[in-house]
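Q: One file is attached below, upload-v9.tsv, containing TSV, C-alpha atoms.
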```tsv
chain	number	residue	atom	x	y	z
A	1	MET	CA	-27.12	-28.39	-15.12
A	2	LYS	CA	-24.71	-26.01	-16.84
A	3	GLN	CA	-21.65	-24.79	-14.95
A	4	GLY	CA	-19.74	-21.54	-15.39
A	5	ILE	CA	-16.63	-22.24	-17.46
A	6	LEU	CA	-14.87	-19.24	-15.88
A	7	ASN	CA	-14.94	-21.08	-12.56
A	8	LEU	CA	-12.55	-23.70	-13.97
A	9	SER	CA	-8.78	-23.68	-14.20
A	10	ILE	CA	-7.13	-24.92	-17.40
A	11	GLY	CA	-6.35	-28.19	-15.60
A	12	GLU	CA	-9.94	-28.68	-14.44
A	13	LEU	CA	-11.29	-27.98	-17.92
A	14	SER	CA	-8.77	-30.38	-19.46
A	15	GLU	CA	-9.79	-33.15	-17.08
A	16	PHE	CA	-13.49	-32.53	-17.69
A	17	LEU	CA	-13.02	-32.71	-21.45
A	18	LEU	CA	-10.89	-35.85	-21.20
A	19	GLY	CA	-13.57	-37.48	-19.07
A	20	ASN	CA	-16.05	-36.79	-21.85
A	21	GLY	CA	-13.87	-38.17	-24.63
A	22	VAL	CA	-12.48	-34.83	-25.79
A	23	PRO	CA	-8.69	-34.36	-26.24
A	24	LYS	CA	-7.14	-32.18	-23.52
A	25	TYR	CA	-5.59	-29.79	-26.06
A	26	ARG	CA	-9.08	-28.46	-26.76
A	27	ALA	CA	-8.98	-26.76	-23.33
A	28	THR	CA	-6.14	-24.52	-24.51
A	29	GLN	CA	-8.09	-23.58	-27.62
A	30	ILE	CA	-11.16	-22.74	-25.55
A	31	PHE	CA	-9.12	-20.61	-23.13
A	32	ASP	CA	-7.69	-18.73	-26.11
A	33	TRP	CA	-11.19	-17.80	-27.22
A	34	LEU	CA	-12.24	-16.82	-23.70
A	35	PHE	CA	-9.19	-14.82	-22.58
A	36	ARG	CA	-7.42	-13.72	-25.78
A	37	PHE	CA	-10.45	-12.91	-27.93
A	38	GLY	CA	-13.18	-12.33	-25.36
A	39	LYS	CA	-15.78	-14.61	-26.89
A	40	THR	CA	-19.02	-15.01	-24.97
A	41	ALA	CA	-20.54	-17.72	-27.19
A	42	PHE	CA	-19.14	-21.17	-27.97
A	43	SER	CA	-20.65	-20.92	-31.46
A	44	GLU	CA	-18.00	-18.28	-32.31
A	45	MET	CA	-15.05	-20.59	-31.57
A	46	SER	CA	-14.32	-21.32	-35.22
A	47	ASN	CA	-11.39	-23.74	-34.87
A	48	ILE	CA	-13.50	-26.14	-32.78
A	49	ASP	CA	-15.76	-28.55	-34.64
A	50	ILE	CA	-19.48	-27.89	-34.55
A	51	SER	CA	-20.40	-31.00	-32.54
A	52	LEU	CA	-18.02	-30.02	-29.74
A	53	ARG	CA	-19.29	-26.43	-29.79
A	54	ARG	CA	-22.81	-27.75	-29.28
A	55	ALA	CA	-21.64	-30.00	-26.45
A	56	LEU	CA	-19.83	-27.10	-24.77
A	57	ASP	CA	-23.05	-25.11	-24.96
A	58	GLU	CA	-24.85	-27.92	-23.14
A	59	TRP	CA	-22.16	-28.26	-20.45
A	60	PHE	CA	-21.17	-24.64	-19.78
A	61	TYR	CA	-22.13	-21.00	-19.89
A	62	ILE	CA	-19.78	-17.99	-20.27
A	63	TYR	CA	-20.50	-15.43	-17.56
A	64	ARG	CA	-20.57	-11.66	-17.77
A	65	PRO	CA	-22.07	-9.27	-15.22
A	66	VAL	CA	-24.34	-6.52	-16.57
A	67	ILE	CA	-22.92	-3.00	-16.71
A	68	ILE	CA	-25.57	-0.83	-15.04
A	69	ARG	CA	-23.51	2.33	-15.23
A	70	ALA	CA	-20.02	3.48	-16.21
A	71	ASP	CA	-18.96	6.84	-14.77
A	72	LYS	CA	-15.87	8.59	-16.14
A	73	SER	CA	-13.74	10.92	-14.02
A	74	THR	CA	-12.01	14.03	-15.26
A	75	ASP	CA	-8.71	12.15	-14.80
A	76	GLY	CA	-9.82	9.29	-17.07
A	77	THR	CA	-10.69	6.81	-14.31
A	78	ILE	CA	-13.87	4.82	-15.02
A	79	LYS	CA	-16.04	3.29	-12.29
A	80	PHE	CA	-18.33	0.45	-13.32
A	81	LEU	CA	-21.47	-0.49	-11.42
A	82	LEU	CA	-22.00	-4.17	-12.23
A	83	GLU	CA	-25.12	-6.23	-11.61
A	84	LEU	CA	-24.69	-9.90	-10.77
A	85	THR	CA	-27.12	-12.72	-11.56
A	86	ASP	CA	-28.83	-12.43	-8.17
A	87	LYS	CA	-29.30	-8.65	-8.69
A	88	ASN	CA	-26.62	-7.73	-6.13
A	89	THR	CA	-24.22	-5.07	-7.36
A	90	ILE	CA	-20.49	-4.45	-7.09
A	91	GLU	CA	-18.12	-1.74	-8.28
A	92	THR	CA	-15.00	-2.17	-10.39
A	93	VAL	CA	-12.58	0.61	-11.33
A	94	PHE	CA	-10.37	1.13	-14.39
A	95	ILE	CA	-7.39	3.43	-13.83
A	96	PRO	CA	-5.45	4.53	-16.94
A	97	GLU	CA	-1.86	5.76	-16.61
A	98	LYS	CA	0.94	6.56	-19.04
A	99	GLN	CA	2.94	3.41	-18.35
A	100	ARG	CA	0.16	1.02	-17.40
A	101	ASN	CA	-3.57	0.36	-17.19
A	102	THR	CA	-4.84	-0.91	-13.86
A	103	ILE	CA	-8.10	-2.60	-12.92
A	104	CYS	CA	-9.27	-2.52	-9.31
A	105	ILE	CA	-11.31	-5.66	-8.63
A	106	SER	CA	-13.86	-6.45	-5.92
A	107	SER	CA	-13.82	-9.78	-4.07
A	108	GLN	CA	-17.07	-9.53	-2.10
A	109	VAL	CA	-20.46	-7.86	-2.25
A	110	GLY	CA	-19.89	-5.34	0.52
A	111	CYS	CA	-17.40	-5.91	3.33
A	112	ALA	CA	-17.60	-7.27	6.88
A	113	ILE	CA	-14.45	-5.59	8.22
A	114	GLY	CA	-16.16	-2.30	9.08
A	115	CYS	CA	-13.22	0.12	8.92
A	116	ARG	CA	-14.55	3.45	10.19
A	117	PHE	CA	-13.14	5.42	7.25
A	118	CYS	CA	-14.46	3.12	4.49
A	119	ASN	CA	-17.76	3.56	2.67
A	120	THR	CA	-17.86	-0.11	1.64
A	121	GLY	CA	-17.68	-1.38	5.22
A	122	TYR	CA	-20.23	1.22	6.34
A	123	HIS	CA	-22.83	-0.45	4.10
A	124	GLY	CA	-22.13	-3.96	5.44
A	125	PHE	CA	-21.49	-7.40	3.97
A	126	ILE	CA	-23.74	-9.52	1.74
A	127	ARG	CA	-21.72	-12.40	0.28
A	128	ASN	CA	-18.50	-13.64	-1.31
A	129	LEU	CA	-17.98	-13.49	-5.06
A	130	SER	CA	-17.44	-16.69	-7.02
A	131	THR	CA	-14.31	-17.18	-9.12
A	132	GLU	CA	-16.21	-16.38	-12.30
A	133	GLU	CA	-17.64	-13.20	-10.78
A	134	ILE	CA	-14.11	-12.08	-9.91
A	135	VAL	CA	-12.53	-13.00	-13.26
A	136	SER	CA	-15.45	-11.60	-15.27
A	137	GLN	CA	-14.79	-8.10	-13.89
A	138	PHE	CA	-11.49	-8.19	-15.78
A	139	LEU	CA	-13.21	-9.45	-18.93
A	140	VAL	CA	-16.18	-7.09	-18.89
A	141	VAL	CA	-13.88	-4.06	-18.62
A	142	LYS	CA	-11.94	-5.35	-21.62
A	143	ASP	CA	-15.27	-5.71	-23.44
A	144	TYR	CA	-16.30	-2.14	-22.62
A	145	LEU	CA	-12.94	-0.63	-23.60
A	146	ASP	CA	-12.55	-2.94	-26.62
A	147	LEU	CA	-9.12	-4.15	-25.49
A	148	TRP	CA	-9.24	-7.45	-27.39
A	149	ASN	CA	-7.14	-6.12	-30.25
A	150	LEU	CA	-3.59	-7.30	-29.51
A	151	GLU	CA	-2.22	-3.98	-30.78
A	152	VAL	CA	-4.15	-2.06	-28.11
A	153	LYS	CA	-2.58	-1.35	-24.71
A	154	ARG	CA	-3.67	-4.16	-22.40
A	155	LEU	CA	-4.88	-4.27	-18.82
A	156	SER	CA	-1.40	-4.65	-17.38
A	157	ASN	CA	-2.02	-4.45	-13.63
A	158	VAL	CA	-4.63	-6.00	-11.35
A	159	VAL	CA	-5.24	-4.85	-7.78
A	160	PHE	CA	-7.62	-6.57	-5.38
A	161	MET	CA	-8.44	-3.28	-3.66
A	162	GLY	CA	-12.13	-3.01	-4.51
A	163	MET	CA	-15.07	-4.00	-2.36
A	164	GLY	CA	-14.46	-6.67	0.26
A	165	GLU	CA	-11.66	-8.38	2.19
A	166	PRO	CA	-9.92	-10.77	-0.25
A	167	LEU	CA	-8.57	-13.08	2.47
A	168	LEU	CA	-12.10	-13.81	3.70
A	169	ASN	CA	-12.78	-15.19	0.21
A	170	HIS	CA	-9.27	-16.50	-0.36
A	171	LYS	CA	-10.15	-19.75	-2.14
A	172	ASN	CA	-12.01	-18.01	-4.95
A	173	VAL	CA	-9.59	-15.07	-5.03
A	174	LEU	CA	-6.50	-17.28	-5.30
A	175	LYS	CA	-8.14	-19.34	-8.04
A	176	ALA	CA	-8.99	-16.15	-9.94
A	177	ILE	CA	-5.42	-14.84	-9.56
A	178	ASN	CA	-3.95	-18.10	-10.82
A	179	LEU	CA	-6.37	-18.04	-13.75
A	180	LEU	CA	-5.33	-14.52	-14.78
A	181	MET	CA	-1.65	-15.44	-14.38
A	182	SER	CA	-1.83	-18.64	-16.42
A	183	ASP	CA	-0.19	-18.58	-19.83
A	184	GLU	CA	-3.32	-20.07	-21.36
A	185	ALA	CA	-5.36	-17.08	-20.10
A	186	ASP	CA	-3.98	-13.53	-19.86
A	187	GLY	CA	-0.49	-14.38	-18.61
A	188	ILE	CA	-0.24	-11.46	-16.17
A	189	SER	CA	2.99	-11.42	-14.18
A	190	ARG	CA	2.78	-12.07	-10.43
A	191	ARG	CA	4.57	-8.74	-10.00
A	192	LYS	CA	1.63	-6.99	-11.68
A	193	ILE	CA	-1.05	-8.38	-9.36
A	194	THR	CA	-1.54	-7.06	-5.83
A	195	LEU	CA	-3.78	-8.44	-3.09
A	196	SER	CA	-4.68	-5.87	-0.46
A	197	THR	CA	-5.80	-7.03	2.98
A	198	SER	CA	-6.80	-5.45	6.28
A	199	GLY	CA	-4.66	-8.18	7.87
A	200	ILE	CA	-6.51	-11.40	8.63
A	201	ALA	CA	-3.36	-12.72	10.26
A	202	ASP	CA	-4.20	-16.41	10.66
A	203	ILE	CA	-5.41	-16.79	7.07
A	204	LEU	CA	-2.48	-14.80	5.66
A	205	LYS	CA	-0.05	-16.98	7.58
A	206	SER	CA	-1.72	-20.21	6.43
A	207	ILE	CA	-1.77	-19.30	2.72
A	208	ALA	CA	1.45	-17.24	2.58
A	209	LYS	CA	3.32	-19.89	0.64
A	210	ASP	CA	0.55	-20.20	-1.95
A	211	LEU	CA	-0.09	-16.48	-2.41
A	212	PRO	CA	1.32	-15.99	-5.92
A	213	CYS	CA	1.34	-12.19	-6.09
A	214	ARG	CA	2.32	-8.97	-4.36
A	215	LEU	CA	0.94	-8.20	-0.91
A	216	ALA	CA	-0.38	-4.87	0.37
A	217	VAL	CA	-1.38	-4.61	4.04
A	218	SER	CA	-3.77	-1.89	5.19
A	219	LEU	CA	-1.99	-0.84	8.36
A	220	HIS	CA	-3.26	2.75	8.77
A	221	ALA	CA	-1.87	3.16	12.29
A	222	SER	CA	1.39	2.97	14.20
A	223	ASN	CA	-0.03	1.35	17.35
A	224	ASP	CA	-2.89	-0.91	18.40
A	225	ASN	CA	-4.75	1.81	20.29
A	226	ILE	CA	-5.24	3.99	17.22
A	227	ARG	CA	-5.75	1.07	14.86
A	228	SER	CA	-8.50	-0.51	16.96
A	229	LYS	CA	-10.42	2.78	16.96
A	230	ILE	CA	-10.43	3.11	13.17
A	231	MET	CA	-10.24	-0.60	12.29
A	232	PRO	CA	-12.19	-2.83	14.73
A	233	ILE	CA	-10.64	-5.93	13.12
A	234	ASN	CA	-7.48	-5.00	15.04
A	235	ASN	CA	-9.16	-6.28	18.22
A	236	VAL	CA	-8.92	-9.76	16.65
A	237	HIS	CA	-5.81	-9.41	14.50
A	238	ASN	CA	-3.47	-6.90	16.09
A	239	ILE	CA	-0.40	-5.32	14.55
A	240	LYS	CA	2.03	-7.84	16.04
A	241	SER	CA	0.12	-10.81	14.62
A	242	ILE	CA	-0.13	-9.14	11.20
A	243	LEU	CA	3.60	-8.42	11.04
A	244	GLU	CA	4.33	-12.03	12.03
A	245	ALA	CA	2.13	-13.20	9.15
A	246	CYS	CA	3.99	-10.79	6.85
A	247	GLU	CA	7.26	-12.41	7.90
A	248	GLU	CA	5.85	-15.78	6.84
A	249	TYR	CA	4.92	-14.30	3.45
A	250	LYS	CA	8.42	-12.84	3.03
A	251	ARG	CA	9.96	-16.20	3.87
A	252	HIS	CA	8.41	-17.63	0.72
A	253	HIS	CA	8.57	-14.49	-1.48
A	254	GLU	CA	11.82	-12.70	-0.68
A	255	TYR	CA	11.86	-11.04	-4.09
A	256	LEU	CA	8.46	-9.35	-3.60
A	257	LYS	CA	8.50	-6.20	-1.47
A	258	ILE	CA	5.52	-5.82	0.89
A	259	THR	CA	3.56	-2.57	0.71
A	260	PHE	CA	1.96	-1.14	3.83
A	261	GLU	CA	-0.98	1.16	3.14
A	262	TYR	CA	-1.31	4.12	5.51
A	263	LEU	CA	-4.33	6.40	5.23
A	264	LEU	CA	-3.59	9.75	6.83
A	265	LEU	CA	-6.51	11.05	8.91
A	266	ASP	CA	-6.37	14.55	10.38
A	267	ASP	CA	-5.44	14.54	14.08
A	268	VAL	CA	-5.88	10.77	14.29
A	269	ASN	CA	-2.77	9.05	12.93
A	270	ASP	CA	-0.83	11.79	11.15
A	271	SER	CA	1.41	13.22	13.87
A	272	LYS	CA	5.21	13.22	13.73
A	273	GLU	CA	5.12	10.92	16.76
A	274	CYS	CA	3.09	8.42	14.73
A	275	ALA	CA	5.62	8.60	11.90
A	276	TYR	CA	8.55	7.86	14.24
A	277	GLU	CA	6.54	5.08	15.89
A	278	LEU	CA	5.88	3.58	12.46
A	279	LEU	CA	9.62	3.63	11.76
A	280	ARG	CA	10.26	1.66	14.93
A	281	LEU	CA	7.43	-0.71	14.02
A	282	LEU	CA	8.96	-1.57	10.64
A	283	PRO	CA	12.63	-2.26	11.34
A	284	ASP	CA	12.90	-4.24	8.11
A	285	ARG	CA	13.44	-1.54	5.49
A	286	ASN	CA	12.68	-3.89	2.61
A	287	CYS	CA	9.13	-2.59	2.37
A	288	LYS	CA	7.22	0.41	1.09
A	289	VAL	CA	4.65	2.58	2.85
A	290	ASN	CA	2.01	4.05	0.54
A	291	LEU	CA	0.66	7.22	2.09
A	292	LEU	CA	-2.98	7.60	1.13
A	293	GLN	CA	-5.02	10.77	1.17
A	294	PHE	CA	-8.46	10.37	2.71
A	295	ASN	CA	-11.37	10.54	0.27
A	296	SER	CA	-14.52	11.86	1.90
A	297	TRP	CA	-17.99	10.35	1.71
A	298	GLN	CA	-21.32	11.31	3.23
A	299	GLY	CA	-21.66	10.24	6.85
A	300	CYS	CA	-17.95	9.78	7.61
A	301	GLN	CA	-16.52	11.55	10.66
A	302	TYR	CA	-12.93	11.87	9.42
A	303	ASN	CA	-11.07	14.54	7.46
A	304	ALA	CA	-7.98	14.39	5.28
A	305	SER	CA	-4.62	15.44	6.70
A	306	SER	CA	-3.24	18.73	5.49
A	307	ARG	CA	-0.65	18.83	2.73
A	308	ASN	CA	2.00	20.02	5.19
A	309	LYS	CA	1.33	17.17	7.63
A	310	THR	CA	1.36	14.65	4.80
A	311	LEU	CA	4.71	15.88	3.49
A	312	ALA	CA	6.21	15.97	7.00
A	313	PHE	CA	5.07	12.38	7.63
A	314	ALA	CA	6.61	11.24	4.34
A	315	ARG	CA	9.92	12.99	5.02
A	316	ILE	CA	10.31	11.28	8.41
A	317	LEU	CA	9.81	7.84	6.87
A	318	GLU	CA	12.12	8.53	3.96
A	319	LYS	CA	14.88	9.85	6.21
A	320	GLY	CA	14.48	6.67	8.22
A	321	GLY	CA	15.12	4.58	5.10
A	322	ILE	CA	11.57	3.64	4.09
A	323	GLU	CA	10.19	4.49	0.68
A	324	ALA	CA	7.01	6.51	1.31
A	325	PRO	CA	5.29	7.77	-1.85
A	326	ILE	CA	2.17	9.89	-1.49
A	327	ARG	CA	-0.48	8.23	-3.62
A	328	THR	CA	-2.28	10.46	-6.10
A	329	ARG	CA	-6.05	10.52	-5.75
A	330	ARG	CA	-7.82	8.96	-8.74
A	331	GLY	CA	-11.51	9.13	-9.53
A	332	GLU	CA	-12.52	11.07	-6.44
A	333	ASP	CA	-15.10	13.11	-8.38
A	334	ILE	CA	-17.03	9.92	-9.28
A	335	MET	CA	-16.62	8.27	-5.86
A	336	ALA	CA	-14.13	5.75	-7.30
A	337	ALA	CA	-11.17	6.49	-5.02
A	338	CYS	CA	-9.90	4.38	-2.12
A	339	GLY	CA	-12.55	3.87	0.54
A	340	GLN	CA	-15.40	5.30	-1.54
A	341	LEU	CA	-16.80	2.17	-3.23
A	342	LYS	CA	-20.22	1.07	-2.02
```
Once more with this new file: its structure as structure tokens, please.

A:
Amino acid sequence: MKQGILNLSIGELSEFLLGNGVPKYRATQIFDWLFRFGKTAFSEMSNIDISLRRALDEWFYIYRPVIIRADKSTDGTIKFLLELTDKNTIETVFIPEKQRNTICISSQVGCAIGCRFCNTGYHGFIRNLSTEEIVSQFLVVKDYLDLWNLEVKRLSNVVFMGMGEPLLNHKNVLKAINLLMSDEADGISRRKITLSTSGIADILKSIAKDLPCRLAVSLHASNDNIRSKIMPINNVHNIKSILEACEEYKRHHEYLKITFEYLLLDDVNDSKECAYELLRLLPDRNCKVNLLQFNSWQGCQYNASSRNKTLAFARILEKGGIEAPIRTRRGEDIMAACGQLK
């Protein structure tokens, strides 16, 4: 039975080839065709002899999800609706900027966390994505945008901020991250990849040493009372346990600043008292708090904080020594912004 070649690391592919009498260096050549040139057929790998190409075709397949729809925002953001082999669908977002191009990748079909402000969680959880389903989101966007020409601006940044909780699928997510980082694949810097989590404290603590990229924690509240109301997961993993897990991450990655995501909801978590409480909560100033503006969706009970409240919240944090940029909404008109994917 064929296996998906995008599920394999360069080491695993090398060992497989060696076990079948093929020199290990062929793995590097194959990865070049997959990740540098975007080939989806072994027959197109011209520097590999025909007999090996035929054997590869018997052993493996090269996966791509089907693009059902690609919606483009007025700001240039593109949201892709992708169909998987089992007919489940996920959404992936491309965000172009002057200095970089970012792809927002999903890690699950749906999400089990159930944050009250998130459209993805509202629609529930179906299953985890495989490594190839995660990696192929990166590749299919490059296909669509024709980014295989080395002279064209590349996908420079990857954020695991799409559908799902990455830490609940950490084995496949970590394998996908390491694949994208490997020199034989796309060679993306660990500083250009961000994993965003709602804070599954025990898993974060256990894999902190092996997490090879930046960490963003969806905090969204300054105390457990508020957080539990908007994020039920806080009843299992409270703020204290999450911050302890963050300390474990920092112990192994001192050079990578942790980002705390904070979605401002009108009259819920946006008061000046909340801002001062957040300052006391984060005594270590070697972090950043991204202030997010709420993006509405049908059926949600919350509203966005006013501009004045948002600016006042940011000023308090910045005066207290914490960097607190207000994130610009991207793709809101096509339901591609934070919390809108479904």

Q: Near Phe35 of chain A, within 7 Å and counting only C-alpha atoms, which residues show up once chain neighbours fewer than 4 positions away are dropped, as a PyMOL selection string?

A: chain A and resi 31+185-186

Q: To one decimal place, how far is atom CA of Lys240 of chain A from atom CA of Cys287 of chain A in Å?

A: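 We find that atom CA of Lys240 of chain A and atom CA of Cys287 of chain A lie 16.3 Å from each other.
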
Q: For the contact check between segment 100-128 of chain A and segment 161-173 of chain A, emit one row per residue of segment 100-128 of chain A within 6 Å, containing the shortest atom pair and the distance in Å rounded to one decimal, counting all atoms listed in the file, chain then rising number order, as a tab-separated table.

A:
```
residue	atom	partner	partner_atom	distance
A:Cys104	CA	A:Gly162	CA	5.6
A:Ile105	CA	A:Gly162	CA	5.0
A:Ser106	CA	A:Gly162	CA	4.1
A:Ser107	CA	A:Gly164	CA	5.4
A:Gln108	CA	A:Gly164	CA	4.5
A:Gly110	CA	A:Gly164	CA	5.6
A:Cys111	CA	A:Gly164	CA	4.3
```

Q: Using Å and a single decimal, report how far atom CA of Leu147 of chain A sits from atom CA of Leu52 of chain A.

A: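 Atom CA of Leu147 of chain A lies 27.7 Å from atom CA of Leu52 of chain A.
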
Q: Any idea what's packed within 10 Å of Leu180 of chain A, counting all atoms listed in the file, ignoring anything in its chain fewer than 2 positions away? Could you give it as a PyMOL selection string?

A: chain A and resi 9+35+135+138+158+174-178+182-190+193

Q: I want to know what sits within 6 Å of segment 301-317 of chain A, based on all atoms listed in the file, with residues of the same chain fewer than 5 positions away left out; could you give that as a list in words?

A: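 Listing them by chain and then by number gives Leu264, Leu265, Asp266, Ala275, Phe294, Ile322 and Ala324 of chain A.
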
Q: Please rebuild segment 52-61 of chain A with all heavy atoms and return the result as an mmCIF file, keeping the file's coordinate frame.

A:
```cif
data_model
loop_
_atom_site.group_PDB
_atom_site.id
_atom_site.type_symbol
_atom_site.label_atom_id
_atom_site.label_comp_id
_atom_site.auth_asym_id
_atom_site.auth_seq_id
_atom_site.Cartn_x
_atom_site.Cartn_y
_atom_site.Cartn_z
ATOM 1 N N LEU A 52 -18.586 -30.359 -31.044
ATOM 2 C CA LEU A 52 -18.020 -30.020 -29.740
ATOM 3 C C LEU A 52 -18.559 -28.675 -29.258
ATOM 4 O O LEU A 52 -18.829 -28.496 -28.065
ATOM 5 C CB LEU A 52 -16.489 -29.997 -29.792
ATOM 6 C CG LEU A 52 -15.788 -29.618 -28.484
ATOM 7 C CD1 LEU A 52 -16.254 -30.478 -27.319
ATOM 8 C CD2 LEU A 52 -14.269 -29.719 -28.643
ATOM 9 N N ARG A 53 -18.723 -27.726 -30.170
ATOM 10 C CA ARG A 53 -19.290 -26.430 -29.790
ATOM 11 C C ARG A 53 -20.682 -26.611 -29.189
ATOM 12 O O ARG A 53 -21.041 -25.961 -28.202
ATOM 13 C CB ARG A 53 -19.349 -25.502 -31.003
ATOM 14 C CG ARG A 53 -18.013 -24.818 -31.325
ATOM 15 C CD ARG A 53 -18.173 -23.846 -32.466
ATOM 16 N NE ARG A 53 -17.653 -24.394 -33.707
ATOM 17 C CZ ARG A 53 -17.834 -23.849 -34.901
ATOM 18 N NH1 ARG A 53 -18.549 -22.752 -35.021
ATOM 19 N NH2 ARG A 53 -17.315 -24.394 -35.983
ATOM 20 N N ARG A 54 -21.458 -27.487 -29.790
ATOM 21 C CA ARG A 54 -22.810 -27.750 -29.280
ATOM 22 C C ARG A 54 -22.753 -28.417 -27.904
ATOM 23 O O ARG A 54 -23.539 -28.091 -27.000
ATOM 24 C CB ARG A 54 -23.564 -28.639 -30.274
ATOM 25 C CG ARG A 54 -23.981 -27.901 -31.552
ATOM 26 C CD ARG A 54 -24.571 -28.860 -32.564
ATOM 27 N NE ARG A 54 -24.985 -28.160 -33.781
ATOM 28 C CZ ARG A 54 -25.214 -28.764 -34.947
ATOM 29 N NH1 ARG A 54 -25.080 -30.092 -35.046
ATOM 30 N NH2 ARG A 54 -25.580 -28.067 -36.004
ATOM 31 N N ALA A 55 -21.789 -29.328 -27.741
ATOM 32 C CA ALA A 55 -21.640 -30.000 -26.450
ATOM 33 C C ALA A 55 -21.211 -29.006 -25.367
ATOM 34 O O ALA A 55 -21.728 -29.030 -24.235
ATOM 35 C CB ALA A 55 -20.613 -31.123 -26.568
ATOM 36 N N LEU A 56 -20.282 -28.123 -25.722
ATOM 37 C CA LEU A 56 -19.830 -27.100 -24.770
ATOM 38 C C LEU A 56 -20.998 -26.235 -24.329
ATOM 39 O O LEU A 56 -21.101 -25.850 -23.153
ATOM 40 C CB LEU A 56 -18.740 -26.227 -25.405
ATOM 41 C CG LEU A 56 -17.381 -26.890 -25.619
ATOM 42 C CD1 LEU A 56 -16.485 -25.989 -26.462
ATOM 43 C CD2 LEU A 56 -16.704 -27.199 -24.286
ATOM 44 N N ASP A 57 -21.890 -25.942 -25.263
ATOM 45 C CA ASP A 57 -23.050 -25.110 -24.960
ATOM 46 C C ASP A 57 -24.022 -25.825 -24.024
ATOM 47 O O ASP A 57 -24.776 -25.176 -23.292
ATOM 48 C CB ASP A 57 -23.751 -24.722 -26.259
ATOM 49 C CG ASP A 57 -24.533 -23.427 -26.113
ATOM 50 O OD1 ASP A 57 -24.042 -22.516 -25.416
ATOM 51 O OD2 ASP A 57 -25.634 -23.339 -26.673
ATOM 52 N N GLU A 58 -24.008 -27.146 -24.046
ATOM 53 C CA GLU A 58 -24.850 -27.920 -23.140
ATOM 54 C C GLU A 58 -24.214 -28.054 -21.751
ATOM 55 O O GLU A 58 -24.915 -28.134 -20.741
ATOM 56 C CB GLU A 58 -25.086 -29.317 -23.721
ATOM 57 C CG GLU A 58 -25.955 -29.319 -24.976
ATOM 58 C CD GLU A 58 -26.098 -30.712 -25.563
ATOM 59 O OE1 GLU A 58 -25.554 -31.673 -24.974
ATOM 60 O OE2 GLU A 58 -26.751 -30.841 -26.624
ATOM 61 N N TRP A 59 -22.876 -28.066 -21.713
ATOM 62 C CA TRP A 59 -22.160 -28.260 -20.450
ATOM 63 C C TRP A 59 -21.944 -26.961 -19.678
ATOM 64 O O TRP A 59 -21.965 -26.953 -18.450
ATOM 65 C CB TRP A 59 -20.793 -28.891 -20.715
ATOM 66 C CG TRP A 59 -20.815 -30.276 -21.268
ATOM 67 C CD1 TRP A 59 -21.748 -31.244 -21.038
ATOM 68 C CD2 TRP A 59 -19.843 -30.855 -22.162
ATOM 69 N NE1 TRP A 59 -21.419 -32.396 -21.718
ATOM 70 C CE2 TRP A 59 -20.254 -32.188 -22.412
ATOM 71 C CE3 TRP A 59 -18.676 -30.388 -22.771
ATOM 72 C CZ2 TRP A 59 -19.538 -33.054 -23.240
ATOM 73 C CZ3 TRP A 59 -17.949 -31.246 -23.597
ATOM 74 C CH2 TRP A 59 -18.387 -32.570 -23.826
ATOM 75 N N PHE A 60 -21.668 -25.869 -20.408
ATOM 76 C CA PHE A 60 -21.170 -24.640 -19.780
ATOM 77 C C PHE A 60 -21.942 -23.399 -20.230
ATOM 78 O O PHE A 60 -22.623 -23.404 -21.255
ATOM 79 C CB PHE A 60 -19.696 -24.420 -20.121
ATOM 80 C CG PHE A 60 -18.779 -25.530 -19.730
ATOM 81 C CD1 PHE A 60 -18.191 -26.330 -20.705
ATOM 82 C CD2 PHE A 60 -18.492 -25.797 -18.399
ATOM 83 C CE1 PHE A 60 -17.323 -27.359 -20.362
ATOM 84 C CE2 PHE A 60 -17.635 -26.817 -18.040
ATOM 85 C CZ PHE A 60 -17.048 -27.602 -19.021
ATOM 86 N N TYR A 61 -21.747 -22.342 -19.449
ATOM 87 C CA TYR A 61 -22.130 -21.000 -19.890
ATOM 88 C C TYR A 61 -20.930 -20.081 -19.670
ATOM 89 O O TYR A 61 -20.030 -20.390 -18.863
ATOM 90 C CB TYR A 61 -23.368 -20.479 -19.129
ATOM 91 C CG TYR A 61 -23.160 -20.333 -17.632
ATOM 92 C CD1 TYR A 61 -22.612 -19.165 -17.080
ATOM 93 C CD2 TYR A 61 -23.508 -21.363 -16.754
ATOM 94 C CE1 TYR A 61 -22.422 -19.033 -15.713
ATOM 95 C CE2 TYR A 61 -23.324 -21.241 -15.387
ATOM 96 C CZ TYR A 61 -22.784 -20.073 -14.882
ATOM 97 O OH TYR A 61 -22.585 -19.944 -13.532
#
```
